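Notes for the one structure printed next.
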Amino acid sequence: MSYIDLTHVTKRYLKGEHAVVPLEDATLSIEQGDFFALLGPSGSGKTTLLNLLAAIDRPDAGDVVVGGTSLVKLARGKLAAWRSEHVGYVFQQANLVPVLTAYENVELPLWLFPLSRAERHRRVSLALEAVGLADRATHLPKQLSGGQEQRVAIARAIVADPPLLLADEPTGNLDHESADGVLTLLGRLNSERGKTIVMVTHDPRAALHASRRMHLDKGRLHELEGEVAR
Ligand SMILES: Nc1ncnc2c1ncn2[C@@H]1O[C@H](COP(=O)(O)OP(=O)(O)OP(=O)(O)O)[C@@H](O)[C@H]1O
Ligand SMILES: [Mg+2]
């Protein structure tokens, strides 16, 4: 058994009489410590796949097992607690709360845990240091650059120290330099902290940072071997 096992997963949406099938009989294994990149055209189901791994959505058929837990069998009432312990999610838009400082945004996921104020402070400071933004703790999102906002979003995703990081186009809105900063950071979280990473990207340069690449199109997953076209 791998760290992540999708077995014969189908996900469909009904739009009127028309069915959209972003995943059809998809089977995929990801090992602990993999840095996995998922490529594919717009609308091909990449976010759908991340949402299944985060237990935000459920498949219509098949099973999704993460760290030995079947997310299909897990009771609905237990999903939020499972997610907060196991998954850090970096959304395509940084999705920071505009009226909260960088520090307070990173602190948010910790309110789900019974931690002392001192322990929360320790963890938020560590997460902000890890993304190189300790000196921006009191800034509001609008006082940060796009790359900095994305790094705050990464700090928020790692603050509870989850083993799995999901990143949906984390460099989609960034220039080359900021994108490289974010990708280097993800690479370090993978190699130094042992995080398993599943990253969605349109960008072949970003995909080169991953140890494994797959392409999703028309409901099907295909392994991409070796070098991706730059
Ligand atoms: N809640 C929903 N209800 C109906 N259809 C949906 C829903 N969510 C996604 N879809 C459809 O499923 C397909 C896959 O969507 P998804 O968001 O996973 O694509 P994506 O690969 O992430 O695209 P992008 O690169 O543009 O973000 C699309 O055709 C989309 O319209
Ligand atoms: Mg998407």
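Going through the structure tokens in order, the chains are called A, B, and so on, while each chain numbers its residues from 1 and the ligands are numbered from 1 in the order shown.
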- [ ] Please write out the residues within 7 Å of ligand 2 as number ranges by chain, counting only C-alpha atoms and all ligand atoms.
- [x] A: 42-43, 45-47, 168
Residues of range 79-165 of chain A in alpha helix (DSSP H) according to DSSP, as a tab-separated table (two decimals) with N, CA and C atoms, in the first residue's frame?
chain	number	residue	atom	x	y	z
A	79	LEU	N	-14.49	14.32	8.87
A	79	LEU	CA	-13.65	14.77	7.75
A	79	LEU	C	-12.84	16.02	8.10
A	80	ALA	N	-13.48	17.00	8.75
A	80	ALA	CA	-12.79	18.27	9.02
A	80	ALA	C	-11.59	18.04	9.94
A	81	ALA	N	-11.77	17.21	10.96
A	81	ALA	CA	-10.67	16.94	11.89
A	81	ALA	C	-9.56	16.19	11.17
A	82	TRP	N	-9.93	15.22	10.34
A	82	TRP	CA	-8.91	14.48	9.57
A	82	TRP	C	-8.12	15.44	8.71
A	83	ARG	N	-8.84	16.32	8.01
A	83	ARG	CA	-8.19	17.26	7.08
A	83	ARG	C	-7.22	18.19	7.82
A	84	SER	N	-7.64	18.72	8.97
A	84	SER	CA	-6.79	19.70	9.65
A	84	SER	C	-5.51	19.04	10.15
A	85	GLU	N	-5.57	17.76	10.44
A	85	GLU	CA	-4.39	17.07	10.95
A	85	GLU	C	-3.44	16.61	9.83
A	86	HIS	N	-4.02	16.27	8.68
A	86	HIS	CA	-3.23	15.60	7.64
A	86	HIS	C	-2.89	16.43	6.42
A	102	ALA	N	-0.50	38.91	8.29
A	102	ALA	CA	0.15	37.68	7.85
A	102	ALA	C	0.19	36.69	9.02
A	103	TYR	N	0.57	37.20	10.20
A	103	TYR	CA	0.66	36.34	11.39
A	103	TYR	C	-0.69	35.69	11.68
A	104	GLU	N	-1.75	36.51	11.69
A	104	GLU	CA	-3.08	35.99	12.05
A	104	GLU	C	-3.61	35.01	11.00
A	105	ASN	N	-3.28	35.27	9.72
A	105	ASN	CA	-3.69	34.33	8.69
A	105	ASN	C	-3.04	32.97	8.89
A	106	VAL	N	-1.75	32.99	9.23
A	106	VAL	CA	-1.03	31.72	9.43
A	106	VAL	C	-1.55	31.01	10.68
A	107	GLU	N	-1.97	31.80	11.67
A	107	GLU	CA	-2.43	31.22	12.94
A	107	GLU	C	-3.78	30.50	12.80
A	117	ARG	N	-1.42	29.74	23.99
A	117	ARG	CA	-1.05	30.91	23.21
A	117	ARG	C	0.44	30.88	22.87
A	118	ALA	N	1.27	30.45	23.83
A	118	ALA	CA	2.72	30.41	23.62
A	118	ALA	C	3.08	29.39	22.54
A	119	GLU	N	2.42	28.25	22.56
A	119	GLU	CA	2.71	27.22	21.56
A	119	GLU	C	2.24	27.67	20.17
A	120	ARG	N	1.09	28.32	20.14
A	120	ARG	CA	0.62	28.87	18.84
A	120	ARG	C	1.66	29.86	18.32
A	121	HIS	N	2.14	30.71	19.19
A	121	HIS	CA	3.11	31.73	18.78
A	121	HIS	C	4.38	31.07	18.23
A	122	ARG	N	4.83	30.03	18.92
A	122	ARG	CA	6.04	29.32	18.50
A	122	ARG	C	5.86	28.76	17.09
A	123	ARG	N	4.70	28.11	16.87
A	123	ARG	CA	4.48	27.47	15.57
A	123	ARG	C	4.30	28.48	14.44
A	124	VAL	N	3.57	29.56	14.71
A	124	VAL	CA	3.37	30.58	13.66
A	124	VAL	C	4.72	31.21	13.31
A	125	SER	N	5.53	31.49	14.32
A	125	SER	CA	6.83	32.10	14.07
A	125	SER	C	7.70	31.17	13.23
A	126	LEU	N	7.70	29.88	13.57
A	126	LEU	CA	8.48	28.90	12.81
A	126	LEU	C	8.02	28.85	11.35
A	127	ALA	N	6.70	28.85	11.14
A	127	ALA	CA	6.17	28.75	9.77
A	127	ALA	C	6.53	30.01	8.98
A	128	LEU	N	6.42	31.17	9.60
A	128	LEU	CA	6.77	32.41	8.89
A	128	LEU	C	8.27	32.45	8.59
A	129	GLU	N	9.07	31.94	9.53
A	129	GLU	CA	10.51	31.86	9.27
A	129	GLU	C	10.80	30.92	8.11
A	130	ALA	N	10.11	29.79	8.09
A	130	ALA	CA	10.35	28.79	7.03
A	130	ALA	C	10.12	29.37	5.65
A	146	GLY	N	2.54	39.72	-4.51
A	146	GLY	CA	1.87	38.46	-4.84
A	146	GLY	C	2.65	37.25	-4.37
A	147	GLY	N	3.98	37.29	-4.59
A	147	GLY	CA	4.82	36.17	-4.18
A	147	GLY	C	4.83	36.00	-2.66
A	148	GLN	N	4.84	37.14	-1.95
A	148	GLN	CA	4.82	37.08	-0.49
A	148	GLN	C	3.48	36.53	0.01
A	149	GLU	N	2.38	36.96	-0.64
A	149	GLU	CA	1.06	36.43	-0.25
A	149	GLU	C	1.03	34.92	-0.42
A	150	GLN	N	1.61	34.46	-1.55
A	150	GLN	CA	1.60	33.02	-1.79
A	150	GLN	C	2.45	32.30	-0.74
A	151	ARG	N	3.54	32.94	-0.29
A	151	ARG	CA	4.37	32.30	0.74
A	151	ARG	C	3.66	32.30	2.09
A	152	VAL	N	2.87	33.34	2.38
A	152	VAL	CA	2.04	33.32	3.60
A	152	VAL	C	1.04	32.15	3.52
A	153	ALA	N	0.47	31.97	2.33
A	153	ALA	CA	-0.47	30.86	2.15
A	153	ALA	C	0.22	29.52	2.39
A	154	ILE	N	1.49	29.42	1.99
A	154	ILE	CA	2.23	28.18	2.24
A	154	ILE	C	2.50	28.03	3.74
A	155	ALA	N	2.86	29.14	4.40
A	155	ALA	CA	3.07	29.08	5.85
A	155	ALA	C	1.80	28.61	6.56
A	156	ARG	N	0.65	29.12	6.10
A	156	ARG	CA	-0.64	28.70	6.69
A	156	ARG	C	-0.87	27.20	6.45
A	157	ALA	N	-0.43	26.71	5.28
A	157	ALA	CA	-0.65	25.30	4.97
A	157	ALA	C	0.26	24.38	5.79
A	158	ILE	N	1.44	24.89	6.23
A	158	ILE	CA	2.37	23.99	6.94
A	158	ILE	C	2.35	24.21	8.45
- [ ] Go through A:Pro141, A:Pro163, A:Pro204, A:Pro98 one by one, measure the shortest atom-to-atom distance of each to Gly67 in chain A using only C-alpha atoms, and give the residue with the smallest value.
- [x] A:Pro163
- [ ] Check the smallest atom-to-atom distance from each of A:Ile30, A:Leu38, A:Leu71, A:Leu183 to Asp57 in chain A using only C-alpha atoms, then report the winner.
- [x] A:Leu71
Could you give me, as CSV, a per-residue list for chain A showing, wherever an atom lies at most 9 Å from an atom of ligand 1, the closest pair of atoms and their distance in Å to one decimal, using only C-alpha atoms and all ligand atoms and sorting by chain then residue number from low to high?
residue,atom,partner,partner_atom_place_in_ligand_line,distance
A:Lys11,CA,ligand 1,12 (O),8.7
A:Arg12,CA,ligand 1,12 (O),7.4
A:Tyr13,CA,ligand 1,4 (C),4.8
A:Leu14,CA,ligand 1,4 (C),6.2
A:Lys15,CA,ligand 1,4 (C),6.1
A:Ala19,CA,ligand 1,5 (N),8.6
A:Val20,CA,ligand 1,29 (O),5.9
A:Val21,CA,ligand 1,12 (O),6.8
A:Pro22,CA,ligand 1,14 (C),5.0
A:Leu23,CA,ligand 1,14 (C),8.4
A:Leu39,CA,ligand 1,21 (O),8.3
A:Gly40,CA,ligand 1,21 (O),6.4
A:Pro41,CA,ligand 1,25 (O),5.8
A:Ser42,CA,ligand 1,25 (O),3.4
A:Gly43,CA,ligand 1,19 (O),3.5
A:Ser44,CA,ligand 1,21 (O),3.9
A:Gly45,CA,ligand 1,18 (O),3.1
A:Lys46,CA,ligand 1,21 (O),3.8
A:Thr47,CA,ligand 1,22 (O),3.7
A:Thr48,CA,ligand 1,18 (O),3.7
A:Leu49,CA,ligand 1,18 (O),6.6
A:Leu50,CA,ligand 1,18 (O),8.2
A:Asn51,CA,ligand 1,18 (O),8.4
A:Gln92,CA,ligand 1,27 (O),8.2
A:Asp168,CA,ligand 1,22 (O),8.0
A:Glu169,CA,ligand 1,27 (O),8.1
A:Val200,CA,ligand 1,22 (O),8.1
A:Thr201,CA,ligand 1,25 (O),7.9
A:His202,CA,ligand 1,25 (O),7.2
A:Leu216,CA,ligand 1,21 (O),7.9
A:Asp217,CA,ligand 1,21 (O),8.4
- [ ] Can you check which residues of range 27-96 of chain A DSSP gives as strand (DSSP E or B) on the backbone and send them as a VMD selection string?
- [x] chain A and resid 27 to 30 35 to 39 61 to 66 69 to 70 87 to 90
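When the distance limit is 6 Å and only C-alpha atoms are what count, the residues near Ala210 in chain A, minus those fewer than 3 positions from it on the same chain, are Phe35, Phe36, Ala37 and Ala207 of chain A.
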Next, write the just-selected residues to a file, as a PDB file, in the first residue's frame, keeping N, CA and C atoms as the atom set.
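Saved to again19.pdb:
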ATOM      1  N   PHE A  35       7.315  14.174  -4.577  1.00  0.00           N
ATOM      2  CA  PHE A  35       6.923  15.518  -5.011  1.00  0.00           C
ATOM      3  C   PHE A  35       6.294  15.305  -6.379  1.00  0.00           C
ATOM      4  N   PHE A  36       4.986  15.349  -6.400  1.00  0.00           N
ATOM      5  CA  PHE A  36       4.208  14.897  -7.547  1.00  0.00           C
ATOM      6  C   PHE A  36       3.599  16.099  -8.251  1.00  0.00           C
ATOM      7  N   ALA A  37       3.808  16.207  -9.563  1.00  0.00           N
ATOM      8  CA  ALA A  37       3.207  17.305 -10.320  1.00  0.00           C
ATOM      9  C   ALA A  37       2.104  16.773 -11.217  1.00  0.00           C
ATOM     10  N   ALA A 207       6.882  22.096 -13.165  1.00  0.00           N
ATOM     11  CA  ALA A 207       6.797  20.637 -13.077  1.00  0.00           C
ATOM     12  C   ALA A 207       8.179  20.006 -12.974  1.00  0.00           C
TER      13      ALA A 207
END
Open item on the list: Between A:Pro162, A:Gly62, A:Gly132, A:Pro114, which residue has the minimum interatomic distance to Val182 in chain A, considering only C-alpha atoms?
Closed with: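 Of A:Pro162, A:Gly62, A:Gly132, A:Pro114, the one nearest Val182 in chain A, counting only C-alpha atoms, is A:Gly132.
Excluding Val66 in chain A itself and any same-chain residue fewer than 6 positions from it, the protein and nucleic acid residues within 7 Å of it, counting only C-alpha atoms, are Tyr3, Ile4 and Asp5 of chain A.
Residue nearest Ala137 in chain A within the list A:Arg58, A:Asn95, A:Thr101, A:Ser2: A:Thr101 [criterion: smallest interatomic distance, only C-alpha atoms].
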Open item on the list: My list of candidates is A:Phe91, A:Thr196, A:Thr171, A:Leu100. Which is closest to Thr138 in chain A when distances are computed with only C-alpha atoms?
Closed with: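 Selected residue with least distance to Thr138 in chain A: A:Leu100.
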Task: Nearest to Leu53 in chain A, chosen from A:Gly88, A:Gly194, A:Gly33, A:Gly77, with only C-alpha atoms counted in the distances - done: A:Gly88
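The gap separating CA of Leu165 in chain A from CA of Val87 in chain A is 5.9 Å, in Å to one decimal.
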Open item on the list: Could you tell me how far CA of Arg76 in chain A sits from CA of Val97 in chain A, in Å to one decimal place?
Closed with: 26.2 Å
